[in-house]
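**Student:** Input run06.pdb, format and content: PDB, C-alpha atoms.
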```pdb
MODEL        1
ATOM      1  CA  MET A  90       0.000   0.000   0.000
ATOM      2  CA  ASP A  91       3.005   2.232   0.354
ATOM      3  CA  GLU A  92       4.542   2.192  -3.049
ATOM      4  CA  ASN A  93       5.287   5.938  -2.877
ATOM      5  CA  SER A  94       7.231   5.869   0.351
ATOM      6  CA  GLN A  95      10.611   5.272  -1.222
ATOM      7  CA  ASP A  96      10.108   8.136  -3.646
ATOM      8  CA  PHE A  97      10.511  10.803  -0.995
ATOM      9  CA  SER A  98      13.788  12.183   0.243
ATOM     10  CA  LEU A  99      13.906  11.922   4.020
ATOM     11  CA  GLU A 100      16.971  14.113   3.950
ATOM     12  CA  ALA A 101      15.064  16.888   2.199
ATOM     13  CA  LEU A 102      12.089  16.492   4.554
ATOM     14  CA  ARG A 103      14.316  16.653   7.628
ATOM     15  CA  ALA A 104      15.904  19.801   6.221
ATOM     16  CA  GLY A 105      12.486  21.402   5.814
ATOM     17  CA  ASP A 106      12.338  21.304   2.012
ATOM     18  CA  ARG A 107       8.901  22.818   1.182
ATOM     19  CA  ALA A 108       8.575  21.282  -2.280
ATOM     20  CA  GLU A 109       9.245  17.801  -0.917
ATOM     21  CA  LEU A 110       6.792  18.392   1.914
ATOM     22  CA  ALA A 111       4.128  19.480  -0.577
ATOM     23  CA  ARG A 112       4.657  16.206  -2.462
ATOM     24  CA  VAL A 113       4.211  14.205   0.744
ATOM     25  CA  VAL A 114       1.085  16.163   1.660
ATOM     26  CA  ASP A 115      -0.393  15.539  -1.764
ATOM     27  CA  ALA A 116       0.456  11.846  -1.653
ATOM     28  CA  TYR A 117      -1.032  11.142   1.771
ATOM     29  CA  SER A 118      -3.604  13.810   2.625
ATOM     30  CA  GLY A 119      -6.431  11.875   0.932
ATOM     31  CA  GLN A 120      -5.945   8.730   2.982
ATOM     32  CA  ILE A 121      -5.412  10.635   6.245
ATOM     33  CA  TYR A 122      -8.615  12.630   5.674
ATOM     34  CA  ARG A 123     -10.560   9.470   4.812
ATOM     35  CA  LEU A 124      -9.326   7.654   7.920
ATOM     36  CA  ALA A 125     -10.310  10.599  10.120
ATOM     37  CA  LEU A 126     -13.698  11.031   8.474
ATOM     38  CA  LYS A 127     -14.576   7.339   8.768
ATOM     39  CA  MET A 128     -13.350   7.265  12.349
ATOM     40  CA  LEU A 129     -15.067  10.461  13.523
ATOM     41  CA  GLY A 130     -17.967  10.894  11.104
ATOM     42  CA  ASN A 131     -17.641  14.658  11.185
ATOM     43  CA  PRO A 132     -15.947  16.659   8.374
ATOM     44  CA  GLN A 133     -14.777  19.461  10.683
ATOM     45  CA  ASP A 134     -13.154  17.029  13.133
ATOM     46  CA  ALA A 135     -11.629  15.132  10.198
ATOM     47  CA  GLU A 136     -10.127  18.362   8.869
ATOM     48  CA  ASP A 137      -8.657  19.127  12.308
ATOM     49  CA  VAL A 138      -7.044  15.691  12.378
ATOM     50  CA  LEU A 139      -5.705  16.192   8.854
ATOM     51  CA  GLN A 140      -4.126  19.563   9.652
ATOM     52  CA  ASN A 141      -2.756  18.490  13.038
ATOM     53  CA  THR A 142      -1.261  15.328  11.551
ATOM     54  CA  PHE A 143       0.837  17.263   9.061
ATOM     55  CA  LEU A 144       1.696  20.027  11.536
ATOM     56  CA  LYS A 145       3.036  17.368  13.919
ATOM     57  CA  ALA A 146       4.814  15.588  11.086
ATOM     58  CA  ILE A 147       6.597  18.813  10.113
ATOM     59  CA  LEU A 148       7.611  19.278  13.727
ATOM     60  CA  HIS A 149       8.942  15.744  14.057
ATOM     61  CA  PHE A 150      10.441  15.110  10.607
ATOM     62  CA  PRO A 151      13.945  16.050  11.896
ATOM     63  CA  ASN A 152      13.690  13.150  14.368
ATOM     64  CA  PHE A 153      11.978  10.671  12.020
ATOM     65  CA  GLU A 154      14.454   7.847  11.492
ATOM     66  CA  GLY A 155      12.546   6.101   8.748
ATOM     67  CA  ARG A 156      12.232   2.794  10.586
ATOM     68  CA  SER A 157       8.619   2.632   9.487
ATOM     69  CA  SER A 158       7.370   3.995   6.183
ATOM     70  CA  ILE A 159       6.222   7.627   5.989
ATOM     71  CA  SER A 160       2.713   6.378   5.362
ATOM     72  CA  THR A 161       2.656   4.186   8.494
ATOM     73  CA  TRP A 162       4.150   7.014  10.528
ATOM     74  CA  LEU A 163       1.534   9.500   9.306
ATOM     75  CA  TYR A 164      -1.265   7.016   9.965
ATOM     76  CA  ARG A 165       0.074   6.598  13.516
ATOM     77  CA  ILE A 166      -0.015  10.358  14.156
ATOM     78  CA  ALA A 167      -3.486  10.616  12.596
ATOM     79  CA  ALA A 168      -4.838   7.654  14.592
ATOM     80  CA  ASN A 169      -3.642   9.260  17.829
ATOM     81  CA  GLU A 170      -5.163  12.607  16.856
ATOM     82  CA  ALA A 171      -8.500  10.979  16.037
ATOM     83  CA  LEU A 172      -8.523   8.990  19.273
ATOM     84  CA  MET A 173      -7.761  12.156  21.256
ATOM     85  CA  ILE A 174     -10.794  13.872  19.740
ATOM     86  CA  LEU A 175     -12.985  10.863  20.525
ATOM     87  CA  ARG A 176     -11.775  10.703  24.126
ATOM     88  CA  LYS A 177     -12.497  14.419  24.583
ATOM     89  CA  GLN A 178     -15.995  13.950  23.191
ATOM     90  CA  LYS A 179     -16.855  10.811  25.086
ATOM     91  CA  PRO A 180     -14.478   8.783  27.216
ATOM     92  CA  GLU A 181     -15.059   5.207  26.121
ATOM     93  CA  ILE A 182     -16.593   2.822  28.607
ATOM     94  CA  PRO A 183     -15.063  -0.633  28.188
ATOM     95  CA  VAL A 184     -17.469  -2.999  26.484
ATOM     96  CA  PRO A 185     -17.734  -6.372  28.219
ATOM     97  CA  GLY A 186     -16.398  -9.145  26.048
ATOM     98  CA  GLU A 187     -14.313  -6.835  23.896
ATOM     99  CA  ASP A 188     -10.971  -7.645  25.416
ATOM    100  CA  GLU A 189      -8.798  -9.948  23.311
ATOM    101  CA  THR A 190      -8.528 -12.440  26.141
ATOM    102  CA  ASP A 191     -12.286 -12.899  26.374
ATOM    103  CA  GLU A 192     -14.227 -15.616  24.652
ATOM    104  CA  ASP A 193     -15.677 -15.087  21.212
ATOM    105  CA  ASP A 194     -19.193 -16.147  22.187
ATOM    106  CA  ASP A 195     -20.559 -12.627  21.862
ATOM    107  CA  TYR A 196     -19.503 -12.568  18.240
ATOM    108  CA  LEU A 197     -21.219 -15.738  17.063
ATOM    109  CA  PRO A 198     -23.210 -15.168  13.863
ATOM    110  CA  VAL A 199     -26.966 -15.068  14.316
ATOM    111  CA  GLN A 200     -28.103 -13.936  10.859
ATOM    112  CA  PHE A 201     -28.058 -16.386   7.997
ATOM    113  CA  VAL A 202     -29.687 -14.479   5.162
ATOM    114  CA  ASP A 203     -27.626 -14.659   1.978
ATOM    115  CA  TRP A 204     -27.642 -11.151   0.562
ATOM    116  CA  SER A 205     -24.250 -11.526  -1.123
ATOM    117  CA  SER A 206     -25.752 -11.988  -4.573
ATOM    118  CA  LEU A 207     -27.817  -8.798  -4.510
ATOM    119  CA  PRO A 208     -27.085  -6.652  -7.586
ATOM    120  CA  GLU A 209     -24.236  -4.124  -7.285
ATOM    121  CA  THR A 210     -26.757  -1.290  -7.708
ATOM    122  CA  GLU A 211     -28.366  -2.359  -4.414
ATOM    123  CA  LEU A 212     -25.158  -3.232  -2.589
ATOM    124  CA  ALA A 213     -23.368  -0.017  -3.445
ATOM    125  CA  SER A 214     -26.226   2.510  -3.656
ATOM    126  CA  SER A 215     -25.723   5.888  -2.001
ATOM    127  CA  GLU A 216     -28.238   4.856   0.669
ATOM    128  CA  ALA A 217     -26.207   1.697   1.282
ATOM    129  CA  HIS A 218     -23.018   3.758   1.626
ATOM    130  CA  THR A 219     -24.672   5.933   4.259
ATOM    131  CA  TYR A 220     -25.647   2.757   6.110
ATOM    132  CA  LEU A 221     -22.124   1.309   5.784
ATOM    133  CA  ASP A 222     -20.613   4.458   7.311
ATOM    134  CA  ALA A 223     -23.160   4.488  10.139
ATOM    135  CA  ALA A 224     -22.517   0.798  10.844
ATOM    136  CA  VAL A 225     -18.766   1.411  11.215
ATOM    137  CA  ARG A 226     -19.453   4.143  13.732
ATOM    138  CA  GLN A 227     -21.410   1.631  15.834
ATOM    139  CA  LEU A 228     -18.184  -0.287  16.416
ATOM    140  CA  SER A 229     -16.155   0.482  19.516
ATOM    141  CA  GLU A 230     -13.122   2.742  18.949
ATOM    142  CA  LYS A 231     -10.698  -0.180  19.209
ATOM    143  CA  LEU A 232     -12.469  -2.330  16.655
ATOM    144  CA  ARG A 233     -13.258   0.619  14.383
ATOM    145  CA  MET A 234      -9.666   1.797  14.090
ATOM    146  CA  VAL A 235      -8.339  -1.661  13.249
ATOM    147  CA  PHE A 236     -11.124  -2.272  10.739
ATOM    148  CA  ILE A 237     -10.655   1.054   8.932
ATOM    149  CA  LEU A 238      -6.878   0.701   8.701
ATOM    150  CA  ARG A 239      -7.037  -2.896   7.489
ATOM    151  CA  ASP A 240     -10.206  -3.173   5.437
ATOM    152  CA  VAL A 241     -10.777   0.360   4.171
ATOM    153  CA  GLU A 242      -7.217   1.658   3.876
ATOM    154  CA  GLY A 243      -5.819  -1.734   2.931
ATOM    155  CA  LEU A 244      -2.908  -1.896   5.369
ATOM    156  CA  SER A 245      -1.522  -5.335   6.113
ATOM    157  CA  ILE A 246      -2.016  -6.951   9.524
ATOM    158  CA  ARG A 247       1.624  -6.129  10.363
ATOM    159  CA  GLU A 248       1.299  -2.486   9.278
ATOM    160  CA  THR A 249      -1.948  -2.077  11.222
ATOM    161  CA  GLY A 250      -0.136  -3.424  14.289
ATOM    162  CA  GLU A 251       2.724  -0.981  13.716
ATOM    163  CA  VAL A 252       0.361   1.974  13.488
ATOM    164  CA  LEU A 253      -1.526   1.068  16.646
ATOM    165  CA  GLY A 254       1.252  -0.535  18.682
ATOM    166  CA  LEU A 255      -0.547  -3.891  18.717
ATOM    167  CA  THR A 256       0.621  -7.447  18.175
ATOM    168  CA  GLU A 257      -0.519  -9.173  15.002
ATOM    169  CA  THR A 258      -2.649 -11.509  17.124
ATOM    170  CA  ALA A 259      -4.454  -8.565  18.737
ATOM    171  CA  VAL A 260      -5.036  -6.977  15.316
ATOM    172  CA  LYS A 261      -6.454 -10.239  13.960
ATOM    173  CA  THR A 262      -8.758 -10.679  16.947
ATOM    174  CA  ARG A 263     -10.136  -7.144  16.702
ATOM    175  CA  LEU A 264     -10.451  -7.398  12.932
ATOM    176  CA  LEU A 265     -12.477 -10.612  13.107
ATOM    177  CA  ARG A 266     -14.797  -9.143  15.724
ATOM    178  CA  ALA A 267     -15.268  -5.958  13.728
ATOM    179  CA  ARG A 268     -15.984  -7.882  10.533
ATOM    180  CA  LEU A 269     -18.469 -10.199  12.247
ATOM    181  CA  GLN A 270     -20.284  -7.294  13.892
ATOM    182  CA  LEU A 271     -20.502  -5.418  10.607
ATOM    183  CA  ARG A 272     -21.719  -8.534   8.791
ATOM    184  CA  GLU A 273     -24.573  -8.771  11.286
ATOM    185  CA  GLN A 274     -25.461  -5.118  10.806
ATOM    186  CA  LEU A 275     -25.263  -5.313   7.043
ATOM    187  CA  SER A 276     -27.424  -8.440   7.131
ATOM    188  CA  ASP A 277     -30.102  -6.376   8.887
ATOM    189  CA  TYR A 278     -29.998  -3.787   6.147
ATOM    190  CA  TYR A 279     -29.629  -5.973   3.047
ATOM    191  CA  ARG A 280     -32.210  -8.512   4.226
ATOM    192  CA  GLU A 281     -34.816  -5.825   3.661
ATOM    193  CA  ARG A 282     -33.330  -4.955   0.238
ATOM    194  CA  LEU A 283     -33.453  -8.650  -0.637
ATOM    195  CA  ARG A 284     -37.099  -8.852   0.353
ATOM    196  CA  GLN A 285     -37.944  -5.871  -1.855
ATOM    197  CA  GLU A 286     -35.907  -7.340  -4.709
ATOM    198  CA  ASN A 287     -37.903 -10.584  -4.473
ATOM    199  CA  ILE A 288     -41.242  -8.710  -4.505
ATOM    200  CA  ARG A 289     -40.421  -7.002  -7.831
TER
ATOM    201  CA  MET B  93     -23.966 -21.356  13.788
ATOM    202  CA  THR B  94     -26.004 -24.260  12.491
ATOM    203  CA  ASP B  95     -28.232 -27.046  13.735
ATOM    204  CA  HIS B  96     -26.071 -29.999  12.841
ATOM    205  CA  ASP B  97     -22.705 -29.369  14.506
ATOM    206  CA  ASP B  98     -22.229 -26.133  16.390
ATOM    207  CA  THR B  99     -18.763 -27.071  17.560
ATOM    208  CA  ARG B 100     -17.397 -27.400  14.036
ATOM    209  CA  CYS B 101     -19.018 -24.094  13.051
ATOM    210  CA  ASN B 102     -17.566 -22.276  16.049
ATOM    211  CA  ASP B 103     -14.132 -23.813  15.472
ATOM    212  CA  MET B 104     -14.195 -22.414  11.963
ATOM    213  CA  LEU B 105     -15.021 -18.916  13.159
ATOM    214  CA  GLY B 106     -11.532 -18.186  14.500
ATOM    215  CA  SER B 107      -9.951 -18.883  11.105
ATOM    216  CA  LEU B 108     -12.549 -17.001   9.111
ATOM    217  CA  SER B 109     -10.645 -13.728   8.603
ATOM    218  CA  ASP B 110      -7.537 -15.519   7.367
ATOM    219  CA  TYR B 111      -9.726 -17.687   5.157
ATOM    220  CA  VAL B 112     -11.559 -14.804   3.458
ATOM    221  CA  ASP B 113      -8.238 -12.945   3.072
ATOM    222  CA  GLY B 114      -6.722 -15.997   1.364
ATOM    223  CA  GLU B 115      -4.040 -16.201   4.055
ATOM    224  CA  LEU B 116      -4.982 -19.492   5.671
ATOM    225  CA  ARG B 117      -2.794 -22.592   5.408
ATOM    226  CA  GLU B 118      -3.881 -24.891   2.618
ATOM    227  CA  ASP B 119      -4.701 -27.859   4.868
ATOM    228  CA  LEU B 120      -6.906 -25.638   7.071
ATOM    229  CA  CYS B 121      -8.596 -24.217   3.967
ATOM    230  CA  ARG B 122      -9.443 -27.741   2.877
ATOM    231  CA  GLU B 123     -10.944 -28.472   6.299
ATOM    232  CA  ILE B 124     -13.076 -25.334   6.113
ATOM    233  CA  GLU B 125     -14.203 -26.110   2.585
ATOM    234  CA  LYS B 126     -15.134 -29.630   3.597
ATOM    235  CA  HIS B 127     -17.236 -28.196   6.421
ATOM    236  CA  LEU B 128     -18.786 -25.553   4.141
ATOM    237  CA  ALA B 129     -19.879 -28.225   1.679
ATOM    238  CA  GLY B 130     -22.230 -29.628   4.323
ATOM    239  CA  CYS B 131     -23.211 -26.487   6.235
ATOM    240  CA  ALA B 132     -25.513 -23.991   4.524
ATOM    241  CA  ASN B 133     -25.412 -21.455   7.376
ATOM    242  CA  CYS B 134     -21.620 -21.324   7.381
ATOM    243  CA  ARG B 135     -21.634 -20.848   3.604
ATOM    244  CA  VAL B 136     -23.903 -17.829   4.092
ATOM    245  CA  VAL B 137     -21.617 -16.438   6.804
ATOM    246  CA  VAL B 138     -18.526 -16.837   4.604
ATOM    247  CA  ASP B 139     -20.189 -15.358   1.493
ATOM    248  CA  THR B 140     -21.675 -12.364   3.329
ATOM    249  CA  LEU B 141     -18.466 -11.791   5.296
ATOM    250  CA  LYS B 142     -16.487 -11.706   2.042
ATOM    251  CA  LYS B 143     -19.010  -9.254   0.634
ATOM    252  CA  THR B 144     -18.851  -7.098   3.769
ATOM    253  CA  VAL B 145     -15.063  -6.800   3.457
ATOM    254  CA  TYR B 146     -15.335  -6.131  -0.277
ATOM    255  CA  LEU B 147     -17.960  -3.385   0.121
ATOM    256  CA  TYR B 148     -15.923  -1.509   2.718
ATOM    257  CA  HIS B 149     -12.750  -1.851   0.694
ATOM    258  CA  GLU B 150     -14.592  -0.333  -2.255
ATOM    259  CA  THR B 151     -15.602   2.719  -0.187
ATOM    260  CA  ALA B 152     -11.926   3.744  -0.192
ATOM    261  CA  ARG B 153     -12.200   4.329  -3.937
ATOM    262  CA  ILE B 154     -14.797   7.040  -3.554
ATOM    263  CA  GLY B 155     -14.548  10.344  -1.761
ATOM    264  CA  GLU B 156     -11.412  12.244  -2.707
ATOM    265  CA  ILE B 157     -10.301  14.974  -0.338
ATOM    266  CA  PRO B 158     -12.577  17.990  -1.021
ATOM    267  CA  VAL B 159     -10.862  20.827  -2.911
ATOM    268  CA  ASP B 160     -11.533  23.391  -0.165
ATOM    269  CA  VAL B 161     -10.168  21.050   2.531
ATOM    270  CA  ARG B 162      -6.971  20.587   0.503
ATOM    271  CA  GLU B 163      -6.659  24.338  -0.019
ATOM    272  CA  ARG B 164      -7.026  25.107   3.682
ATOM    273  CA  LEU B 165      -4.493  22.387   4.516
ATOM    274  CA  PHE B 166      -1.894  23.854   2.157
ATOM    275  CA  LYS B 167      -2.496  27.337   3.561
ATOM    276  CA  ARG B 168      -2.217  26.111   7.154
ATOM    277  CA  LEU B 169       1.089  24.439   6.315
ATOM    278  CA  GLU B 170       2.250  27.568   4.473
ATOM    279  CA  LEU B 171       2.494  25.639   1.224
ATOM    280  CA  GLU B 172       0.289  27.957  -0.871
ATOM    281  CA  ASP B 173       3.011  28.230  -3.516
ATOM    282  CA  TYR B 174       2.567  24.529  -4.273
ATOM    283  CA  LEU B 175      -1.226  24.497  -4.318
ATOM    284  CA  LYS B 176      -1.657  24.750  -8.073
ATOM    285  CA  LYS B 177       1.192  22.490  -9.011
ATOM    286  CA  SER B 178      -0.555  19.211  -8.205
TER
ENDMDL
END
```
So that I can check it, write out the structure of this file as structure tokens.
**Tutor:**
Amino acid sequence: MDENSQDFSLEALRAGDRAELARVVDAYSGQIYRLALKMLGNPQDAEDVLQNTFLKAILHFPNFEGRSSISTWLYRIAANEALMILRKQKPEIPVPGEDETDEDDDYLPVQFVDWSSLPETELASSEAHTYLDAAVRQLSEKLRMVFILRDVEGLSIRETGEVLGLTETAVKTRLLRARLQLREQLSDYYRERLRQENIR
Amino acid sequence: MTDHDDTRCNDMLGSLSDYVDGELREDLCREIEKHLAGCANCRVVVDTLKKTVYLYHETARIGEIPVDVRERLFKRLELEDYLKKS
């Protein structure tokens, strides 16, 4: 996912080269904004995260050693910024059964309606997209961040772990729970679309 | 997950992400596929889970950064000179 990372001169960025910085901003601002918007659901908050991410990056470029890719590093700053906003808005109350060490019983599938063969026009309608975004925001912060990084942004399990400071096992556990929860929610929504499709 | 053998269905659940991502060991894939062949509910779970992942992945394709958001970002970072070059 980070094919551009090697194209940037860390030396120039550390030295404060504006042209190189502009290239980095153009390469990564889209994905940082998308992550923030999906995570927070509010364009103004997402814009704050976007601006603060790059302001912090500029501040810390001189100390950036390049051990992770620029993309992973920027995602890490952005994830922290987004989580800070969420904590200010509403400190998260731990959800029972969410901890990685707990059993998976709460995540057992209960809906068995096969909506996967609905036409693309139904699956990807603008109404469906609104529902998809709302469903993600129903996830807890922990599950939501892992899911967005992995399944929306396309980071690998290892990269997602690097961004969030999690082991690969913890990423996999959260990802599975997020996916199963979303599948249940989407089943609620598409079951109705399926019913309407069958009436026609 | 199904009426006939809940244990087998639940055992499969832990490997489901790796399976839909195509990252599961071949012998475990074969076990899952053998189970899926006889379990309609698990087939639905796998198919709709795959579709769930696909639909969210596709949402990354839409929604570029709005022009005004990009402009304000460049101004905030004092990069106005580079705004038109991209």
**Student:** Which residues of chain A are close to chain B, meaning at most 8 Å apart when you count all atoms listed in the file, and how do they look as a CSV table (one decimal) with C-alpha atoms, keeping the file's coordinate frame?
**Tutor:**
```
chain,number,residue,atom,x,y,z
A,107,ARG,CA,8.9,22.8,1.2
A,108,ALA,CA,8.6,21.3,-2.3
A,111,ALA,CA,4.1,19.5,-0.6
A,115,ASP,CA,-0.4,15.5,-1.8
A,118,SER,CA,-3.6,13.8,2.6
A,119,GLY,CA,-6.4,11.9,0.9
A,122,TYR,CA,-8.6,12.6,5.7
A,123,ARG,CA,-10.6,9.5,4.8
A,136,GLU,CA,-10.1,18.4,8.9
A,139,LEU,CA,-5.7,16.2,8.9
A,140,GLN,CA,-4.1,19.6,9.7
A,143,PHE,CA,0.8,17.3,9.1
A,144,LEU,CA,1.7,20.0,11.5
A,197,LEU,CA,-21.2,-15.7,17.1
A,198,PRO,CA,-23.2,-15.2,13.9
A,199,VAL,CA,-27.0,-15.1,14.3
A,201,PHE,CA,-28.1,-16.4,8.0
A,202,VAL,CA,-29.7,-14.5,5.2
A,203,ASP,CA,-27.6,-14.7,2.0
A,204,TRP,CA,-27.6,-11.2,0.6
A,205,SER,CA,-24.2,-11.5,-1.1
A,212,LEU,CA,-25.2,-3.2,-2.6
A,213,ALA,CA,-23.4,0.0,-3.4
A,218,HIS,CA,-23.0,3.8,1.6
A,221,LEU,CA,-22.1,1.3,5.8
A,240,ASP,CA,-10.2,-3.2,5.4
A,241,VAL,CA,-10.8,0.4,4.2
A,242,GLU,CA,-7.2,1.7,3.9
A,243,GLY,CA,-5.8,-1.7,2.9
A,261,LYS,CA,-6.5,-10.2,14.0
A,264,LEU,CA,-10.5,-7.4,12.9
A,265,LEU,CA,-12.5,-10.6,13.1
A,268,ARG,CA,-16.0,-7.9,10.5
A,269,LEU,CA,-18.5,-10.2,12.2
A,271,LEU,CA,-20.5,-5.4,10.6
A,272,ARG,CA,-21.7,-8.5,8.8
A,275,LEU,CA,-25.3,-5.3,7.0
A,276,SER,CA,-27.4,-8.4,7.1
```
**Student:** Neighbouring residues of Ala146 of chain A were defined as those with any atom within 12 Å, considering all atoms listed in the file; residues of the same chain fewer than 2 positions away were excluded. Please report them as a count of residues only.
**Tutor:** 31
**Student:** Could you state the separation of atom CA of Ala104 of chain A and atom CA of Gly155 of chain A in Å, given to one decimal place?
**Tutor:** 14.3 Å
**Student:** Can you measure atom CA of Glu209 of chain A to atom CA of Glu281 of chain A for me? One decimal in Å is fine.
**Tutor:** 15.3 Å
**Student:** Which polymer residues have any atom within 10 Å of an atom of Met128 of chain A, counting all atoms listed in the file, with same-chain residues fewer than 2 positions away left out, as a ChimeraX atom specification?
**Tutor:** /A:122-126,130-131,134-135,168,171-172,175,222,225-226,228,230,233-234,236-238
**Student:** Draw an axis-aligned box tight on the listed atoms of segment 118-135 of chain B, then pad every side by 4 Å and write out centre and edge lengths in Å to one decimal as JSON.
**Tutor:**
```
{"center_x": -14.7, "center_y": -25.2, "center_z": 4.5, "size_x": 29.6, "size_y": 16.8, "size_z": 13.7}
```
**Student:** Grab the atom CA of Ser157 of chain A to atom CA of Lys127 of chain A distance for me, in Å with one decimal place.
**Tutor:**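 Spanning atom CA of Ser157 of chain A to atom CA of Lys127 of chain A is a straight-line distance of 23.7 Å.
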**Student:** Could you list, as a VMD selection string, every residue matched by the PyMOL selection byres ((chain A and resi 282-289) around 8) in this structure?
**Tutor:** chain A and resid 204 207 211 278 to 281
**Student:** Evaluate the PyMOL selection byres ((chain B and resi 125) around 12) on the structure here and hand back the selected residues as a list in words.
**Tutor:**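 This file, filtered by the PyMOL selection byres ((chain B and resi 125) around 12), leaves Arg100, Cys101, Met104, Ser107, Leu108, Tyr111, Val112, Leu116, Glu118, Asp119, Leu120, Cys121, Arg122, Glu123, Ile124, Lys126, His127, Leu128, Ala129, Gly130, Cys131, Ala132, Cys134, Arg135 and Val138 of chain B.
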**Student:** Could you turn the residues from that selection into a file that holds C-alpha atoms, as a CSV table (one decimal), keeping the file's coordinate frame?
**Tutor:**
```csv
chain,number,residue,atom,x,y,z
B,100,ARG,CA,-17.4,-27.4,14.0
B,101,CYS,CA,-19.0,-24.1,13.1
B,104,MET,CA,-14.2,-22.4,12.0
B,107,SER,CA,-10.0,-18.9,11.1
B,108,LEU,CA,-12.5,-17.0,9.1
B,111,TYR,CA,-9.7,-17.7,5.2
B,112,VAL,CA,-11.6,-14.8,3.5
B,116,LEU,CA,-5.0,-19.5,5.7
B,118,GLU,CA,-3.9,-24.9,2.6
B,119,ASP,CA,-4.7,-27.9,4.9
B,120,LEU,CA,-6.9,-25.6,7.1
B,121,CYS,CA,-8.6,-24.2,4.0
B,122,ARG,CA,-9.4,-27.7,2.9
B,123,GLU,CA,-10.9,-28.5,6.3
B,124,ILE,CA,-13.1,-25.3,6.1
B,126,LYS,CA,-15.1,-29.6,3.6
B,127,HIS,CA,-17.2,-28.2,6.4
B,128,LEU,CA,-18.8,-25.6,4.1
B,129,ALA,CA,-19.9,-28.2,1.7
B,130,GLY,CA,-22.2,-29.6,4.3
B,131,CYS,CA,-23.2,-26.5,6.2
B,132,ALA,CA,-25.5,-24.0,4.5
B,134,CYS,CA,-21.6,-21.3,7.4
B,135,ARG,CA,-21.6,-20.8,3.6
B,138,VAL,CA,-18.5,-16.8,4.6
```
**Student:** Please enumerate the residues selected by the PyMOL selection byres ((chain A and resi 250) around 10) when evaluated against the supplied file, formatted as a compact mmCIF listing (two decimals) with C-alpha atoms, in the coordinates of the input.
**Tutor:**
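So the final result, stored in part24.txt, reads:
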```
# COMPACT_ATOMS: atom_id res chain seq x y z
CA THR A 161 2.66 4.19 8.49
CA VAL A 235 -8.34 -1.66 13.25
CA LEU A 238 -6.88 0.70 8.70
CA ARG A 239 -7.04 -2.90 7.49
CA LEU A 244 -2.91 -1.90 5.37
CA SER A 245 -1.52 -5.34 6.11
CA ILE A 246 -2.02 -6.95 9.52
CA ARG A 247 1.62 -6.13 10.36
CA GLU A 248 1.30 -2.49 9.28
CA THR A 249 -1.95 -2.08 11.22
CA GLU A 251 2.72 -0.98 13.72
CA VAL A 252 0.36 1.97 13.49
CA LEU A 253 -1.53 1.07 16.65
CA GLY A 254 1.25 -0.54 18.68
CA LEU A 255 -0.55 -3.89 18.72
CA THR A 256 0.62 -7.45 18.18
CA GLU A 257 -0.52 -9.17 15.00
CA THR A 258 -2.65 -11.51 17.12
CA ALA A 259 -4.45 -8.56 18.74
CA VAL A 260 -5.04 -6.98 15.32
CA LYS A 261 -6.45 -10.24 13.96
```
**Student:** Nearest residue to Leu232 of chain A out of A:Ser215, A:Ser98, A:Gln270, A:Asn169, using all atoms listed in the file?
**Tutor:**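 Nearest candidate to Leu232 of chain A out of A:Ser215, A:Ser98, A:Gln270, A:Asn169: A:Gln270.
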